[in-house]
Structures are given as structure tokens and as C-alpha cells.
Amino acid sequence: DEWLRLTATLEDEQGDLGSRTVRALAQIVEAAGGVLWLRRERAGGEPHWEKLAGWHADGPDVLAPDDQLLDFMRRKRWSVHASGVASQHESYQGLVLPGWMKAFGERALAVPLLKKDELYGVVVLRDPRPGLDLDYEDIDLLRTAGRQAAGALAQADADRQLTEGRQFEAYNRLTAFLMHDLKNLIAQQSLVVRNAASFRHDPKFIDDAIETVDNSVQRMQRLLEQQGVKRMYTACPNCTRLLSDLHCASIIPVWETLNRLVTADDLCDNGDKAF
């Protein structure tokens, strides 16, 4: 019955998996609440222990890597009952409970979550049922339940990392694609600017320049549409569609704008103003 209830609680869709893990273990010993910490690997350093979830209880956000309780559970793979530490001194090998665990009460119970016999996480429960006296059968039950919980948490963590890796890979591909198109657009505009000094008075050059700008606008619009950005309007020398920006600012008639920038007076009297 305990095993079926544990499995059902872990698979329950109410709440996050961390909270369900604490609740599933608390049900075994009728505890009032608890907190779950998981081991996290640091690049080039020792692992640390981060609080993942709490259920009707709270505790430190991070546990020290050299914490005596964690070291004992790593070596012995046992659950630690606070009330039994003093009375069973030899069994607990002189373990001194850390101050943060004492805040869970005199009957606090720490349960190891083992993955391939390595300590993957720890759940500390507060106020288990009165008179709880852990024997080897209870220890084995809690250890097995902890393994089941560790497996579920590890699978969820692996799924999360896989999803993040795929998102990062997709982001890298998108960035490469965007940079390639931006470089091409910059090359087009740079060519117009370089040739403007020599051909600014040539009407054909002006027509070609406007077509180049319009081509760039259309390509940028396609990029934005592929990313779900609101549609932009294009313009060309033969039409007067409107160009709007990404944030719905003022809509600008592109053809009229270009006419203001490149007028006959500009070309004749103030050529340095054009392009």
C-alpha cells in the first residue's frame, strides 16, 4: 500500500514534482511537512546542495558541501532520525546534527535520495508521527522510496536539460541565419553609399538605390514574419505603401520620405545631403 501511494503521489499532476516528492515521503511517516534539497554540480568545483521545494516547511536555500549530515548520509545511505542521534550514539557514529536541522524539531527525519548509490538529494521532514522508532525495515523502506523519488527527479532534470539544449541549439541556428542575412543587407547598403559620391546626380542610380532599399526592407520583413513579428508594409518606386515599425509607432510613407531626402534641389544645390 505504501509503495502504491508513493507512486501515485509522485505521478500526481497537482503541484510541482519537488513538492510531491516531499509529500510522498511525508505520508510514509505521517510527517507534517518537509524540504527537499538536490545536489548541483559546479563547473570545476565541489557540488553544492540547493533547496528545490518545500511542503509546509522551510529551510536554508543552500547547504554546505561539507555538512556533517550530508557526509553521514553519503557514507551510510541511512535515514537520520533526530531523536535517535543522541540515544543511539554508536549507530550514528558520533554524528552532530547541524543547526539548520534542529529547526525542524526534535523528531525531524532526514531521508536520503540515492541514485546509483550516490546521494542525489535529501528530504528533511518535520514532526513525523509520535513514537516513531526506526528499525532496519523502516530504513530499507525509506531508502527504497528515496531511490524511487530520486529516479523521478533525475528523469525530470534530464528532460529539462534536453529541452534547454535543444532551445539553445535552435537559438544558435537562428542567430547564424540572422547574422548571414544582416551581413548581406549591410553589404547592399554599403555599396549604395560608396557609389553615391560618383553617381548621385544620375537618375538611374537613384532608381536603383531606391529599389535596393526596398529589397532590403522586404527581406527584413520576411525575417520578422518568420519570427512572428507584426507585419511591416513595404514601398517601391512604383507604389506608395506604408512602412510601419515593430512597435506600431507612426506609419511613414517611404516613397514620400525618400522624395524629401532626394529632391531636385538636393541634387543640384546641396548634393552632399543626398544619401
# chains A, B, ... in the order shown; residues from 1 in each chain; ligands from 1
>>> select_by_dssp(residues="region 52-137 of chain A", states="alpha helix (DSSP H)", output="list in words")
Gln68, Leu69, Leu70, Asp71, Phe72, Met73, Arg74, Arg75, Lys76, Ala82, Ser83, Gly84, Val85, Ala86, Ser87, Gly99, Trp100, Met101, Lys102, Tyr136 and Glu137 of chain A
>>> write_last_selection(atoms="N, CA, C and O atoms", output="CSV table (one decimal), in the first residue's frame")
chain,number,residue,atom,x,y,z
A,68,GLN,N,27.9,17.9,7.9
A,68,GLN,CA,28.1,16.6,8.6
A,68,GLN,C,27.0,15.6,8.3
A,68,GLN,O,27.2,14.4,8.1
A,69,LEU,N,25.7,16.1,8.3
A,69,LEU,CA,24.6,15.3,8.0
A,69,LEU,C,24.7,14.7,6.6
A,69,LEU,O,24.5,13.5,6.4
A,70,LEU,N,25.0,15.5,5.6
A,70,LEU,CA,25.1,15.0,4.2
A,70,LEU,C,26.3,14.0,4.1
A,70,LEU,O,26.2,13.0,3.4
A,71,ASP,N,27.4,14.3,4.8
A,71,ASP,CA,28.5,13.4,4.7
A,71,ASP,C,28.1,12.0,5.3
A,71,ASP,O,28.5,11.0,4.8
A,72,PHE,N,27.4,12.0,6.4
A,72,PHE,CA,27.0,10.8,7.0
A,72,PHE,C,26.0,10.0,6.1
A,72,PHE,O,26.2,8.8,5.9
A,73,MET,N,25.1,10.7,5.5
A,73,MET,CA,24.1,10.0,4.7
A,73,MET,C,24.8,9.5,3.4
A,73,MET,O,24.4,8.5,2.8
A,74,ARG,N,25.8,10.3,2.9
A,74,ARG,CA,26.6,9.8,1.7
A,74,ARG,C,27.3,8.5,2.0
A,74,ARG,O,27.4,7.6,1.2
A,75,ARG,N,27.9,8.4,3.2
A,75,ARG,CA,28.6,7.2,3.6
A,75,ARG,C,27.8,6.0,3.9
A,75,ARG,O,28.0,4.9,3.5
A,76,LYS,N,26.7,6.3,4.8
A,76,LYS,CA,25.9,5.2,5.3
A,76,LYS,C,24.7,4.9,4.5
A,76,LYS,O,24.1,3.8,4.6
A,82,ALA,N,16.3,12.5,14.2
A,82,ALA,CA,17.0,13.4,15.2
A,82,ALA,C,16.9,12.9,16.6
A,82,ALA,O,17.8,13.0,17.4
A,83,SER,N,15.7,12.3,17.0
A,83,SER,CA,15.5,11.8,18.3
A,83,SER,C,16.4,10.6,18.6
A,83,SER,O,16.7,10.3,19.8
A,84,GLY,N,16.9,9.9,17.6
A,84,GLY,CA,17.7,8.7,17.8
A,84,GLY,C,19.2,9.0,17.8
A,84,GLY,O,20.0,8.1,18.2
A,85,VAL,N,19.6,10.2,17.4
A,85,VAL,CA,21.0,10.5,17.3
A,85,VAL,C,21.7,10.5,18.6
A,85,VAL,O,22.8,9.9,18.8
A,86,ALA,N,21.0,11.0,19.7
A,86,ALA,CA,21.6,11.1,21.0
A,86,ALA,C,21.5,9.7,21.7
A,86,ALA,O,22.5,9.3,22.3
A,87,SER,N,20.4,9.0,21.5
A,87,SER,CA,20.2,7.8,22.2
A,87,SER,C,20.9,6.6,21.6
A,87,SER,O,21.2,5.6,22.2
A,99,GLY,N,22.8,22.9,12.9
A,99,GLY,CA,21.8,23.8,13.4
A,99,GLY,C,20.6,23.9,12.6
A,99,GLY,O,19.5,24.0,13.1
A,100,TRP,N,20.7,23.9,11.3
A,100,TRP,CA,19.6,24.1,10.4
A,100,TRP,C,18.6,23.0,10.6
A,100,TRP,O,17.4,23.2,10.4
A,101,MET,N,19.1,21.7,10.9
A,101,MET,CA,18.2,20.6,11.0
A,101,MET,C,17.4,20.7,12.3
A,101,MET,O,16.2,20.2,12.4
A,102,LYS,N,18.0,21.2,13.3
A,102,LYS,CA,17.4,21.3,14.6
A,102,LYS,C,16.1,22.2,14.6
A,102,LYS,O,15.2,22.0,15.3
A,136,TYR,N,15.4,-1.5,11.0
A,136,TYR,CA,16.0,-1.7,9.7
A,136,TYR,C,15.0,-1.8,8.6
A,136,TYR,O,15.3,-1.5,7.4
A,137,GLU,N,13.8,-2.3,8.9
A,137,GLU,CA,12.7,-2.4,7.9
A,137,GLU,C,12.3,-1.0,7.5
A,137,GLU,O,12.1,-0.8,6.3
>>> residues_around(residues="region 171-184 of chain A", least_positions_apart="2", cutoff="12 Å", atoms="only C-alpha atoms", output="list in words")
Glu164, Gly165, Arg166, Gln167, Phe168, Glu169, Ile186, Ala187, Gln188, Gln189, Ser190, Leu191, Thr212, Asn215, Ser216, Val217, Gln218, Arg219, Met220, Gln221, Arg222, Leu223, Leu224, Gln226 and Gln227 of chain A
>>> write_last_selection(atoms="C-alpha atoms", output="compact mmCIF listing (two decimals), in the first residue's frame")
# COMPACT_ATOMS: atom_id res chain seq x y z
CA GLU A 164 17.18 23.68 -22.83
CA GLY A 165 19.88 22.18 -25.05
CA ARG A 166 17.52 21.99 -27.99
CA GLN A 167 16.38 25.56 -27.41
CA PHE A 168 19.99 26.74 -27.25
CA GLU A 169 20.82 24.85 -30.45
CA ILE A 186 24.71 45.75 -44.89
CA ALA A 187 26.75 44.89 -47.97
CA GLN A 188 23.91 46.12 -50.21
CA GLN A 189 23.53 49.40 -48.35
CA SER A 190 27.29 49.94 -48.19
CA LEU A 191 27.51 49.57 -51.96
CA THR A 212 17.90 48.32 -53.25
CA ASN A 215 14.62 44.97 -51.41
CA SER A 216 16.29 45.31 -48.02
CA VAL A 217 13.01 46.28 -46.39
CA GLN A 218 11.24 43.27 -47.88
CA ARG A 219 13.95 40.89 -46.75
CA MET A 220 13.84 42.29 -43.23
CA GLN A 221 10.06 41.97 -43.27
CA ARG A 222 10.33 38.30 -44.22
CA LEU A 223 12.76 37.74 -41.36
CA LEU A 224 10.38 39.40 -38.92
CA GLN A 226 9.27 34.20 -39.77
CA GLN A 227 9.77 35.16 -36.11
>>> residues_around(residues="Gly121 (chain A)", least_positions_apart="2", cutoff="8 Å", atoms="only C-alpha atoms", output="JSON list (two decimals) with all heavy atoms, in the first residue's frame")
[["chain", "number", "residue", "atom", "x", "y", "z"],
["A", 36, "LEU", "N", 13.05, 19.70, 0.42],
["A", 36, "LEU", "CA", 13.90, 18.89, -0.45],
["A", 36, "LEU", "C", 15.08, 19.71, -0.96],
["A", 36, "LEU", "O", 14.91, 20.84, -1.43],
["A", 36, "LEU", "CB", 13.07, 18.41, -1.65],
["A", 36, "LEU", "CG", 13.84, 17.88, -2.88],
["A", 36, "LEU", "CD1", 14.60, 16.61, -2.53],
["A", 36, "LEU", "CD2", 12.88, 17.63, -4.03],
["A", 37, "TRP", "N", 16.28, 19.14, -0.84],
["A", 37, "TRP", "CA", 17.49, 19.72, -1.43],
["A", 37, "TRP", "C", 18.05, 18.73, -2.46],
["A", 37, "TRP", "O", 18.04, 17.51, -2.23],
["A", 37, "TRP", "CB", 18.56, 19.98, -0.39],
["A", 37, "TRP", "CG", 18.28, 21.11, 0.55],
["A", 37, "TRP", "CD1", 18.64, 22.41, 0.43],
["A", 37, "TRP", "CD2", 17.58, 21.01, 1.81],
["A", 37, "TRP", "NE1", 18.20, 23.14, 1.50],
["A", 37, "TRP", "CE2", 17.55, 22.31, 2.36],
["A", 37, "TRP", "CE3", 16.95, 19.96, 2.50],
["A", 37, "TRP", "CZ2", 16.94, 22.58, 3.59],
["A", 37, "TRP", "CZ3", 16.34, 20.23, 3.71],
["A", 37, "TRP", "CH2", 16.34, 21.52, 4.24],
["A", 38, "LEU", "N", 18.56, 19.25, -3.56],
["A", 38, "LEU", "CA", 19.19, 18.42, -4.57],
["A", 38, "LEU", "C", 20.63, 18.83, -4.78],
["A", 38, "LEU", "O", 20.99, 20.01, -4.65],
["A", 38, "LEU", "CB", 18.44, 18.53, -5.92],
["A", 38, "LEU", "CG", 17.12, 17.79, -6.07],
["A", 38, "LEU", "CD1", 16.65, 17.89, -7.51],
["A", 38, "LEU", "CD2", 17.23, 16.34, -5.65],
["A", 39, "ARG", "N", 21.46, 17.86, -5.14],
["A", 39, "ARG", "CA", 22.87, 18.13, -5.44],
["A", 39, "ARG", "C", 22.99, 18.78, -6.82],
["A", 39, "ARG", "O", 22.41, 18.31, -7.79],
["A", 39, "ARG", "CB", 23.68, 16.83, -5.41],
["A", 39, "ARG", "CG", 25.19, 17.04, -5.60],
["A", 39, "ARG", "CD", 25.90, 15.71, -5.67],
["A", 39, "ARG", "NE", 25.51, 14.98, -6.87],
["A", 39, "ARG", "CZ", 25.60, 13.66, -7.01],
["A", 39, "ARG", "NH1", 26.02, 12.93, -6.01],
["A", 39, "ARG", "NH2", 25.24, 13.07, -8.14],
["A", 49, "TRP", "N", 24.37, 21.99, -2.60],
["A", 49, "TRP", "CA", 23.02, 21.45, -2.38],
["A", 49, "TRP", "C", 22.04, 22.61, -2.35],
["A", 49, "TRP", "O", 22.09, 23.46, -1.47],
["A", 49, "TRP", "CB", 22.99, 20.65, -1.08],
["A", 49, "TRP", "CG", 23.97, 19.52, -1.10],
["A", 49, "TRP", "CD1", 25.32, 19.57, -0.85],
["A", 49, "TRP", "CD2", 23.69, 18.16, -1.46],
["A", 49, "TRP", "NE1", 25.89, 18.35, -1.01],
["A", 49, "TRP", "CE2", 24.92, 17.45, -1.38],
["A", 49, "TRP", "CE3", 22.54, 17.47, -1.82],
["A", 49, "TRP", "CZ2", 25.01, 16.10, -1.67],
["A", 49, "TRP", "CZ3", 22.63, 16.13, -2.09],
["A", 49, "TRP", "CH2", 23.84, 15.45, -2.01],
["A", 112, "PRO", "N", 17.56, 10.05, 2.70],
["A", 112, "PRO", "CA", 18.44, 10.21, 1.55],
["A", 112, "PRO", "C", 17.73, 9.83, 0.25],
["A", 112, "PRO", "O", 16.95, 8.88, 0.21],
["A", 112, "PRO", "CB", 19.59, 9.25, 1.85],
["A", 112, "PRO", "CG", 18.94, 8.15, 2.65],
["A", 112, "PRO", "CD", 17.86, 8.82, 3.47],
["A", 113, "LEU", "N", 18.01, 10.57, -0.80],
["A", 113, "LEU", "CA", 17.56, 10.22, -2.15],
["A", 113, "LEU", "C", 18.78, 9.74, -2.92],
["A", 113, "LEU", "O", 19.68, 10.53, -3.24],
["A", 113, "LEU", "CB", 16.93, 11.43, -2.85],
["A", 113, "LEU", "CG", 15.81, 12.17, -2.10],
["A", 113, "LEU", "CD1", 15.19, 13.24, -2.98],
["A", 113, "LEU", "CD2", 14.74, 11.20, -1.60],
["A", 114, "LEU", "N", 18.82, 8.44, -3.18],
["A", 114, "LEU", "CA", 20.00, 7.82, -3.79],
["A", 114, "LEU", "C", 19.78, 7.53, -5.26],
["A", 114, "LEU", "O", 18.72, 7.02, -5.65],
["A", 114, "LEU", "CB", 20.35, 6.53, -3.06],
["A", 114, "LEU", "CG", 20.63, 6.65, -1.56],
["A", 114, "LEU", "CD1", 20.78, 5.27, -0.94],
["A", 114, "LEU", "CD2", 21.87, 7.49, -1.29],
["A", 119, "LEU", "N", 24.48, 9.93, -3.28],
["A", 119, "LEU", "CA", 23.50, 10.83, -2.68],
["A", 119, "LEU", "C", 23.14, 11.93, -3.68],
["A", 119, "LEU", "O", 23.95, 12.79, -4.00],
["A", 119, "LEU", "CB", 24.06, 11.43, -1.39],
["A", 119, "LEU", "CG", 23.05, 12.22, -0.54],
["A", 119, "LEU", "CD1", 21.93, 11.30, -0.06],
["A", 119, "LEU", "CD2", 23.76, 12.86, 0.66],
["A", 123, "VAL", "N", 15.71, 14.80, 1.78],
["A", 123, "VAL", "CA", 14.46, 15.39, 2.26],
["A", 123, "VAL", "C", 14.48, 15.35, 3.78],
["A", 123, "VAL", "O", 14.71, 14.29, 4.37],
["A", 123, "VAL", "CB", 13.24, 14.62, 1.72],
["A", 123, "VAL", "CG1", 11.96, 15.11, 2.40],
["A", 123, "VAL", "CG2", 13.12, 14.77, 0.22],
["A", 150, "ALA", "N", 14.29, 9.77, -6.26],
["A", 150, "ALA", "CA", 15.49, 10.28, -6.94],
["A", 150, "ALA", "C", 15.43, 9.98, -8.44],
["A", 150, "ALA", "O", 15.82, 10.81, -9.27],
["A", 150, "ALA", "CB", 16.74, 9.66, -6.33]]
>>> residues_around(residues="Leu142 (chain A)", least_positions_apart="2", cutoff="9 Å", atoms="only C-alpha atoms", output="number ranges by chain")
A: 25, 28, 78-79, 111-112, 137-140, 144-147
>>> closest_residue(among="A:Thr21, A:Val192, A:Asp202, A:Lys51", to="Leu6 (chain A)", atoms="only C-alpha atoms")
A:Thr21
>>> atom_distance(atom1="CA of Thr9 (chain A)", atom2="CA of Arg160 (chain A)")
20.7 Å
>>> closest_residue(among="A:Val193, A:Ala152, A:Ala57, A:Leu141", to="Ile206 (chain A)", atoms="only C-alpha atoms")
A:Val193
>>> select_by_dssp(residues="region 99-167 of chain A", states="strand (DSSP E)", output="VMD selection string")
chain A and resid 109 to 115 118 to 126
>>> atom_distance(atom1="CA of Asp58 (chain A)", atom2="CA of Gly33 (chain A)")
8.8 Å
>>> closest_residue(among="A:Trp3, A:Phe104, A:Tyr92, A:Phe199", to="Ala149 (chain A)", atoms="only C-alpha atoms")
A:Trp3
